[in-house]
Every structure is written in C-alpha cells, then in structure tokens.
Amino acid sequence: LAKTTQPISMDSYEGQEVNITCSHNNIATNDYITWYQQFPSQGPRFIIQGYKTKVTNEVASLFIPADRKSSTLSLPRVSLSDTAVYYCLVGDGYSTLTFGKGTMLLVSP
Amino acid sequence: DTGVSQNPRHKITKRGQNVTFRCDPISEHNRLYWYRQTLGQGPEFLTYFQNEAQLEKSRLLSDRFSAERPKGSFSTLEIQRTEQGDSAMYLCASSRSGTSGGARETQYFGPGTRLLVL
C-alpha cells in the first residue's frame, strides 16, 4: 500500500484558497487518490477522488501531475467551517483504507 | 437521511466490563468496516465484512474483540474485559462493492462511538 506524506498543519484566513499537497512516491498503477475531511467528534467525510489530471466537484478540486507521485487538494475561498483535518489516501479501491495523521487546517477570521 | 448510524454515540465503562456497539450501514451497501481512532491519529482499520462474511481482520483486533454482521445488515462490535487502552472513537463505514467502469468504491463513515474506559 502506497504511503502518503502531507503537512501536519496549515493556517489560512477566510476567503483564501488553500492548497494541501500530498506526496505518494510509491503509488501503483491501479491506485486512486482520495481525500477525506474530518471534523472533531465526527467520522471522516469523502471529499474527492481522482486518478490523474484534474477533478473538480462542488467542494474542491484535485490536481494530479502526470507522474502521479503527488496530488494537491484545492479548497477555494475557505470559511471558518472548513477548519478540519484533511486526509490523503492512496489505494486501489478494493481494499481497506490506511489513514495517516492528516493535515490540520485552521481557518481564522 | 439514510447515512451510516452508530449507537451509542458515547459509552463510559469501568475496566473489565464488556461493551457492545452497533452500526447500521447505508441500506444498499454490502461492505461494512470498523475502525478505531485515538486522539491525534487517523482511523485505524480493525475489520470488514462483505455481506455477512468477515473477510479481513487487523492484528489490532485482539481476541477480546469480536464483530458480527448477521444477515449482512447491521453489525455489532463487542469488546470483552475492557482495558483503559481501549478508550477511543470506534468508527463504522460502509460501501458498495462491484461498481463498474473502474470507479473506486467510496466508504461512508458514521459519526462514531466514543468509548471511555475508567
């Protein structure tokens, strides 16, 4: 299972765009990249998933370069309610999820 | 809302007691997962079911832990002779396997059961 590395924490202000980068140098051909968000005392919530290039949904965008050794989660115009832990996971989608410690994003007024 | 539900949301028990948690997955999901999460860490996989069959168990799942999913619907996780080290958030997730077109199955998590062992 590919291991991921992401910053432990990030700070931002309301209205700014936040980019969280995740490194996954050993990603396998069949692996997808998935991001989850977790608020305190709640279960993780699926945000976005991609395999290559760019994926966008109503919440975020996911940028994946051609070599797929990293990915960047982009949150446009964050608000205070985006303060949470963000997890980057890599896997083939047919096995269990392996979470790291995630990135604690703190959005300030 | 037909998301994953877990009961109870909180449980306080004394060391040595047995506890049981329940998870009700999204109705059409055939896979059900249990995770454990301690403070400052990401969730750690414990076990998962496909329908009623328990297909994988983590080495974290000691013999004091047992999980069942009778009839492939809800699941229970029981911890016998609880220890203080069992204090954690226990998360349940469900997914639907067998999606076509190469799409990766997505796991949907419940709100968790927070266990405190005194």
# chains A, B, ... in the order shown; residues from 1 in each chain; ligands from 1

$ residues_around --residues "Thr38 of chain B" --least-positions-apart "5" --cutoff "10 Å" --atoms "only C-alpha atoms" --output "number ranges by chain"
B: 43-44, 85-90, 114

$ write_last_selection --atoms "N, CA, C and O atoms" --output "compact mmCIF listing (two decimals), in the first residue's frame"
# COMPACT_ATOMS: atom_id res chain seq x y z
N PRO B 43 -7.88 7.26 11.60
CA PRO B 43 -8.55 5.99 11.88
C PRO B 43 -7.67 4.81 11.49
O PRO B 43 -6.96 4.85 10.49
N GLU B 44 -7.75 3.76 12.30
CA GLU B 44 -7.02 2.52 12.03
C GLU B 44 -8.02 1.40 11.75
O GLU B 44 -8.96 1.19 12.52
N GLY B 85 -6.67 1.13 27.63
CA GLY B 85 -6.13 1.34 26.29
C GLY B 85 -7.16 1.18 25.19
O GLY B 85 -6.90 1.51 24.04
N ASP B 86 -8.34 0.68 25.54
CA ASP B 86 -9.40 0.55 24.54
C ASP B 86 -10.15 1.87 24.34
O ASP B 86 -10.97 1.98 23.43
N SER B 87 -9.88 2.84 25.18
CA SER B 87 -10.53 4.14 25.06
C SER B 87 -10.19 4.75 23.71
O SER B 87 -9.01 4.94 23.39
N ALA B 88 -11.20 5.05 22.94
CA ALA B 88 -11.00 5.54 21.58
C ALA B 88 -12.36 5.85 20.96
O ALA B 88 -13.40 5.59 21.56
N MET B 89 -12.31 6.38 19.74
CA MET B 89 -13.52 6.52 18.93
C MET B 89 -13.59 5.30 18.02
O MET B 89 -12.60 4.97 17.34
N TYR B 90 -14.71 4.63 18.00
CA TYR B 90 -14.90 3.47 17.13
C TYR B 90 -15.81 3.89 15.98
O TYR B 90 -16.95 4.28 16.18
N ARG B 114 -17.80 6.99 20.91
CA ARG B 114 -16.63 7.32 21.72
C ARG B 114 -16.68 6.51 23.00
O ARG B 114 -17.64 6.62 23.78

$ residues_around --residues "segment 40-47 of chain A" --least-positions-apart "2" --cutoff "10 Å" --atoms "only C-alpha atoms" --output "PyMOL selection string"
(chain A and resi 34-38+49+57-62+73+83-87) or (chain B and resi 4+9+37+39+42-43+89-93+106-114)

$ write_last_selection --atoms "N, CA and C atoms" --output "compact mmCIF listing (two decimals), in the first residue's frame"
# COMPACT_ATOMS: atom_id res chain seq x y z
N THR A 34 -7.61 9.61 -2.90
CA THR A 34 -8.85 10.02 -2.27
C THR A 34 -8.57 10.93 -1.09
N TRP A 35 -9.38 11.94 -0.94
CA TRP A 35 -9.26 12.86 0.19
C TRP A 35 -10.52 12.80 1.04
N TYR A 36 -10.29 12.77 2.35
CA TYR A 36 -11.38 12.81 3.32
C TYR A 36 -11.19 14.02 4.22
N GLN A 37 -12.30 14.50 4.76
CA GLN A 37 -12.31 15.61 5.71
C GLN A 37 -12.90 15.09 7.01
N GLN A 38 -12.34 15.51 8.13
CA GLN A 38 -12.90 15.08 9.40
C GLN A 38 -12.98 16.24 10.39
N GLN A 49 -12.07 12.34 -5.22
CA GLN A 49 -11.22 11.21 -5.63
C GLN A 49 -10.80 11.41 -7.07
N ASN A 57 -15.25 19.08 -8.06
CA ASN A 57 -16.66 18.92 -7.68
C ASN A 57 -17.10 20.20 -6.98
N GLU A 58 -18.24 20.15 -6.35
CA GLU A 58 -18.79 21.37 -5.76
C GLU A 58 -18.03 21.81 -4.51
N VAL A 59 -17.18 20.95 -4.00
CA VAL A 59 -16.48 21.26 -2.76
C VAL A 59 -15.02 21.62 -2.99
N ALA A 60 -14.35 20.90 -3.89
CA ALA A 60 -12.90 21.05 -4.02
C ALA A 60 -12.45 20.65 -5.41
N SER A 61 -11.17 20.89 -5.64
CA SER A 61 -10.51 20.40 -6.86
C SER A 61 -9.32 19.56 -6.45
N LEU A 62 -9.00 18.61 -7.28
CA LEU A 62 -7.86 17.73 -7.03
C LEU A 62 -6.98 17.76 -8.27
N LEU A 73 -4.88 19.00 -3.07
CA LEU A 73 -6.29 19.31 -2.81
C LEU A 73 -6.42 20.82 -2.73
N THR A 83 -12.38 24.48 8.81
CA THR A 83 -11.40 24.04 9.80
C THR A 83 -11.67 22.58 10.12
N ALA A 84 -10.67 21.74 9.83
CA ALA A 84 -10.85 20.29 9.97
C ALA A 84 -9.51 19.62 9.71
N VAL A 85 -9.51 18.31 9.84
CA VAL A 85 -8.35 17.51 9.44
C VAL A 85 -8.64 16.92 8.07
N TYR A 86 -7.66 17.00 7.19
CA TYR A 86 -7.81 16.50 5.83
C TYR A 86 -6.83 15.35 5.62
N TYR A 87 -7.37 14.23 5.16
CA TYR A 87 -6.57 13.02 4.95
C TYR A 87 -6.43 12.72 3.47
N VAL B 4 -24.87 6.31 7.47
CA VAL B 4 -24.46 5.30 8.44
C VAL B 4 -24.77 5.81 9.84
N ARG B 9 -23.61 6.83 20.93
CA ARG B 9 -22.62 7.80 20.50
C ARG B 9 -21.49 7.92 21.52
N GLN B 37 -10.07 5.03 16.29
CA GLN B 37 -9.31 6.26 16.17
C GLN B 37 -9.02 6.81 17.56
N LEU B 39 -6.85 9.87 19.85
CA LEU B 39 -6.66 11.31 19.74
C LEU B 39 -5.39 11.65 18.96
N GLY B 42 -5.05 9.21 12.76
CA GLY B 42 -6.07 8.88 11.79
C GLY B 42 -6.74 7.56 12.18
N PRO B 43 -7.88 7.26 11.60
CA PRO B 43 -8.55 5.99 11.88
C PRO B 43 -7.67 4.81 11.49
N MET B 89 -12.31 6.38 19.74
CA MET B 89 -13.52 6.52 18.93
C MET B 89 -13.59 5.30 18.02
N TYR B 90 -14.71 4.63 18.00
CA TYR B 90 -14.90 3.47 17.13
C TYR B 90 -15.81 3.89 15.98
N LEU B 91 -15.26 3.80 14.79
CA LEU B 91 -15.95 4.26 13.60
C LEU B 91 -16.39 3.09 12.74
N CYS B 92 -17.55 3.25 12.16
CA CYS B 92 -18.07 2.27 11.22
C CYS B 92 -18.22 2.96 9.87
N ALA B 93 -17.94 2.23 8.81
CA ALA B 93 -18.11 2.76 7.47
C ALA B 93 -18.75 1.68 6.60
N THR B 106 -16.39 4.06 -2.58
CA THR B 106 -16.21 5.10 -1.57
C THR B 106 -16.78 4.62 -0.27
N GLN B 107 -16.03 4.78 0.80
CA GLN B 107 -16.52 4.41 2.12
C GLN B 107 -17.18 5.62 2.77
N TYR B 108 -18.36 5.38 3.32
CA TYR B 108 -19.11 6.42 4.02
C TYR B 108 -19.10 6.09 5.50
N PHE B 109 -18.67 7.06 6.29
CA PHE B 109 -18.48 6.83 7.71
C PHE B 109 -19.68 7.29 8.53
N GLY B 110 -19.86 6.60 9.64
CA GLY B 110 -20.84 7.03 10.63
C GLY B 110 -20.19 8.03 11.58
N PRO B 111 -20.97 8.51 12.56
CA PRO B 111 -20.47 9.53 13.48
C PRO B 111 -19.54 8.97 14.56
N GLY B 112 -19.51 7.66 14.70
CA GLY B 112 -18.61 7.05 15.68
C GLY B 112 -19.23 6.87 17.05
N THR B 113 -18.63 5.97 17.80
CA THR B 113 -18.96 5.76 19.21
C THR B 113 -17.70 6.03 20.01
N ARG B 114 -17.80 6.99 20.91
CA ARG B 114 -16.63 7.32 21.72
C ARG B 114 -16.68 6.51 23.00

$ closest_residue --among "A:Ser81, A:Asn26, A:Thr53, A:Ser9" --to "chain B" --atoms "only C-alpha atoms"
A:Ser9

$ residues_around --residues "Leu32 of chain B" --least-positions-apart "3" --cutoff "6 Å" --atoms "only C-alpha atoms" --output "list in words"
Tyr48, Phe49, Ala93 and Ser94 of chain B

$ atom_distance --atom1 "atom CA of Ile33 of chain A" --atom2 "atom CA of Ile48 of chain A"
8.4 Å

$ atom_distance --atom1 "atom CA of Ala67 of chain B" --atom2 "atom CA of Thr47 of chain B"
7.9 Å

$ residues_around --residues "Thr5 of chain A" --least-positions-apart "6" --cutoff "8 Å" --atoms "only C-alpha atoms" --output "ChimeraX atom specification"
/A:22-24,100

$ write_last_selection --atoms "N, CA, C and O atoms" --output "short mmCIF file (atom, residue, chain, number, x, y, z; two decimals), in the first residue's frame"
data_model
loop_
_atom_site.label_atom_id
_atom_site.label_comp_id
_atom_site.auth_asym_id
_atom_site.auth_seq_id
_atom_site.Cartn_x
_atom_site.Cartn_y
_atom_site.Cartn_z
N CYS A 22 -0.01 16.42 -1.10
CA CYS A 22 0.27 15.09 -0.55
C CYS A 22 1.26 14.39 -1.46
O CYS A 22 1.10 14.39 -2.68
N SER A 23 2.29 13.80 -0.87
CA SER A 23 3.27 13.04 -1.64
C SER A 23 2.98 11.55 -1.52
O SER A 23 2.72 11.06 -0.42
N HIS A 24 3.03 10.87 -2.64
CA HIS A 24 2.82 9.41 -2.66
C HIS A 24 3.72 8.83 -3.74
O HIS A 24 3.27 8.43 -4.81
N GLY A 100 -3.23 8.25 7.39
CA GLY A 100 -2.10 8.82 8.11
C GLY A 100 -2.63 9.74 9.19
O GLY A 100 -3.78 9.61 9.62
#

$ select_by_dssp --residues "segment 12-63 of chain B" --states "strand (DSSP E)" --output "count of residues only"
27

$ closest_residue --among "A:Gly50, A:Val107, A:Asn25, A:Thr72" --to "chain B" --atoms "only C-alpha atoms"
A:Gly50

$ residues_around --residues "Thr13 of chain B" --least-positions-apart "3" --cutoff "9 Å" --atoms "only C-alpha atoms" --output "list in words"
Gly16, Gln17, Asn18, Val19, Thr82, Leu115, Leu116, Val117 and Leu118 of chain B

$ write_last_selection --atoms "N, CA and C atoms" --output "PDB file, in the first residue's frame"
ATOM      1  N   GLY B  16     -12.658  -3.844  32.711  1.00  0.00           N
ATOM      2  CA  GLY B  16     -13.098  -5.205  32.952  1.00  0.00           C
ATOM      3  C   GLY B  16     -14.509  -5.509  32.485  1.00  0.00           C
ATOM      4  N   GLN B  17     -15.284  -4.469  32.198  1.00  0.00           N
ATOM      5  CA  GLN B  17     -16.649  -4.665  31.727  1.00  0.00           C
ATOM      6  C   GLN B  17     -16.650  -4.949  30.225  1.00  0.00           C
ATOM      7  N   ASN B  18     -17.740  -5.526  29.775  1.00  0.00           N
ATOM      8  CA  ASN B  18     -17.929  -5.764  28.339  1.00  0.00           C
ATOM      9  C   ASN B  18     -18.792  -4.650  27.754  1.00  0.00           C
ATOM     10  N   VAL B  19     -18.497  -4.267  26.519  1.00  0.00           N
ATOM     11  CA  VAL B  19     -19.299  -3.264  25.841  1.00  0.00           C
ATOM     12  C   VAL B  19     -19.613  -3.745  24.426  1.00  0.00           C
ATOM     13  N   THR B  82     -12.841  -4.899  29.030  1.00  0.00           N
ATOM     14  CA  THR B  82     -12.240  -3.665  28.531  1.00  0.00           C
ATOM     15  C   THR B  82     -11.039  -3.226  29.351  1.00  0.00           C
ATOM     16  N   LEU B 115     -15.657   5.722  23.227  1.00  0.00           N
ATOM     17  CA  LEU B 115     -15.570   4.857  24.406  1.00  0.00           C
ATOM     18  C   LEU B 115     -14.537   5.392  25.376  1.00  0.00           C
ATOM     19  N   LEU B 116     -14.938   5.484  26.629  1.00  0.00           N
ATOM     20  CA  LEU B 116     -14.012   5.852  27.695  1.00  0.00           C
ATOM     21  C   LEU B 116     -14.023   4.747  28.743  1.00  0.00           C
ATOM     22  N   VAL B 117     -12.873   4.170  28.963  1.00  0.00           N
ATOM     23  CA  VAL B 117     -12.738   3.103  29.956  1.00  0.00           C
ATOM     24  C   VAL B 117     -12.032   3.669  31.185  1.00  0.00           C
ATOM     25  N   LEU B 118     -12.724   3.635  32.296  1.00  0.00           N
ATOM     26  CA  LEU B 118     -12.163   4.205  33.536  1.00  0.00           C
ATOM     27  C   LEU B 118     -11.380   3.184  34.339  1.00  0.00           C
TER      28      LEU B 118
END

$ residues_around --residues "Asp82 of chain A" --least-positions-apart "6" --cutoff "12 Å" --atoms "only C-alpha atoms" --output "ChimeraX atom specification"
/A:10-18,37-40,47,59-60,74-76,104-109

$ closest_residue --among "B:His29, B:Arg81, B:Lys57, B:Lys14" --to "chain A" --atoms "only C-alpha atoms"
B:Lys57

$ closest_residue --among "A:Gly91, A:Pro65, A:Pro7, A:Gly102" --to "Gly40 of chain B" --atoms "only C-alpha atoms"
A:Gly102

$ closest_residue --among "A:Gln6, A:Asn30, A:Asn19, A:Ser79" --to "chain B" --atoms "only C-alpha atoms"
A:Asn30

$ closest_residue --among "B:Pro8, B:Leu46, B:Ser27, B:Thr2" --to "chain A" --atoms "only C-alpha atoms"
B:Leu46

$ decode --residues "segment 78-90 of chain B" --atoms "N, CA, C and O atoms" --output "tab-separated table (two decimals), in the first residue's frame"
chain	number	residue	atom	x	y	z
B	78	GLU	N	-18.09	-6.05	19.76
B	78	GLU	CA	-18.06	-6.25	21.19
B	78	GLU	C	-16.63	-6.26	21.68
B	78	GLU	O	-15.74	-6.86	21.05
B	79	ILE	N	-16.41	-5.61	22.80
B	79	ILE	CA	-15.11	-5.64	23.46
B	79	ILE	C	-15.32	-6.27	24.83
B	79	ILE	O	-16.12	-5.77	25.63
B	80	GLN	N	-14.65	-7.36	25.07
B	80	GLN	CA	-14.76	-8.03	26.36
B	80	GLN	C	-13.61	-7.59	27.27
B	80	GLN	O	-12.51	-7.29	26.80
B	81	ARG	N	-13.89	-7.57	28.56
B	81	ARG	CA	-12.87	-7.23	29.58
B	81	ARG	C	-12.11	-5.98	29.16
B	81	ARG	O	-10.88	-6.01	28.97
B	82	THR	N	-12.84	-4.90	29.03
B	82	THR	CA	-12.24	-3.67	28.53
B	82	THR	C	-11.04	-3.23	29.35
B	82	THR	O	-10.97	-3.45	30.58
B	83	GLU	N	-10.10	-2.59	28.66
B	83	GLU	CA	-8.91	-2.03	29.28
B	83	GLU	C	-8.87	-0.54	28.98
B	83	GLU	O	-9.50	-0.06	28.03
B	84	GLN	N	-8.10	0.20	29.75
B	84	GLN	CA	-8.04	1.64	29.54
B	84	GLN	C	-7.51	1.98	28.15
B	84	GLN	O	-7.89	2.98	27.56
B	85	GLY	N	-6.67	1.13	27.63
B	85	GLY	CA	-6.13	1.34	26.29
B	85	GLY	C	-7.16	1.18	25.19
B	85	GLY	O	-6.90	1.51	24.04
B	86	ASP	N	-8.34	0.68	25.54
B	86	ASP	CA	-9.40	0.55	24.54
B	86	ASP	C	-10.15	1.87	24.34
B	86	ASP	O	-10.97	1.98	23.43
B	87	SER	N	-9.88	2.84	25.18
B	87	SER	CA	-10.53	4.14	25.06
B	87	SER	C	-10.19	4.75	23.71
B	87	SER	O	-9.01	4.94	23.39
B	88	ALA	N	-11.20	5.05	22.94
B	88	ALA	CA	-11.00	5.54	21.58
B	88	ALA	C	-12.36	5.85	20.96
B	88	ALA	O	-13.40	5.59	21.56
B	89	MET	N	-12.31	6.38	19.74
B	89	MET	CA	-13.52	6.52	18.93
B	89	MET	C	-13.59	5.30	18.02
B	89	MET	O	-12.60	4.97	17.34
B	90	TYR	N	-14.71	4.63	18.00
B	90	TYR	CA	-14.90	3.47	17.13
B	90	TYR	C	-15.81	3.89	15.98
B	90	TYR	O	-16.95	4.28	16.18
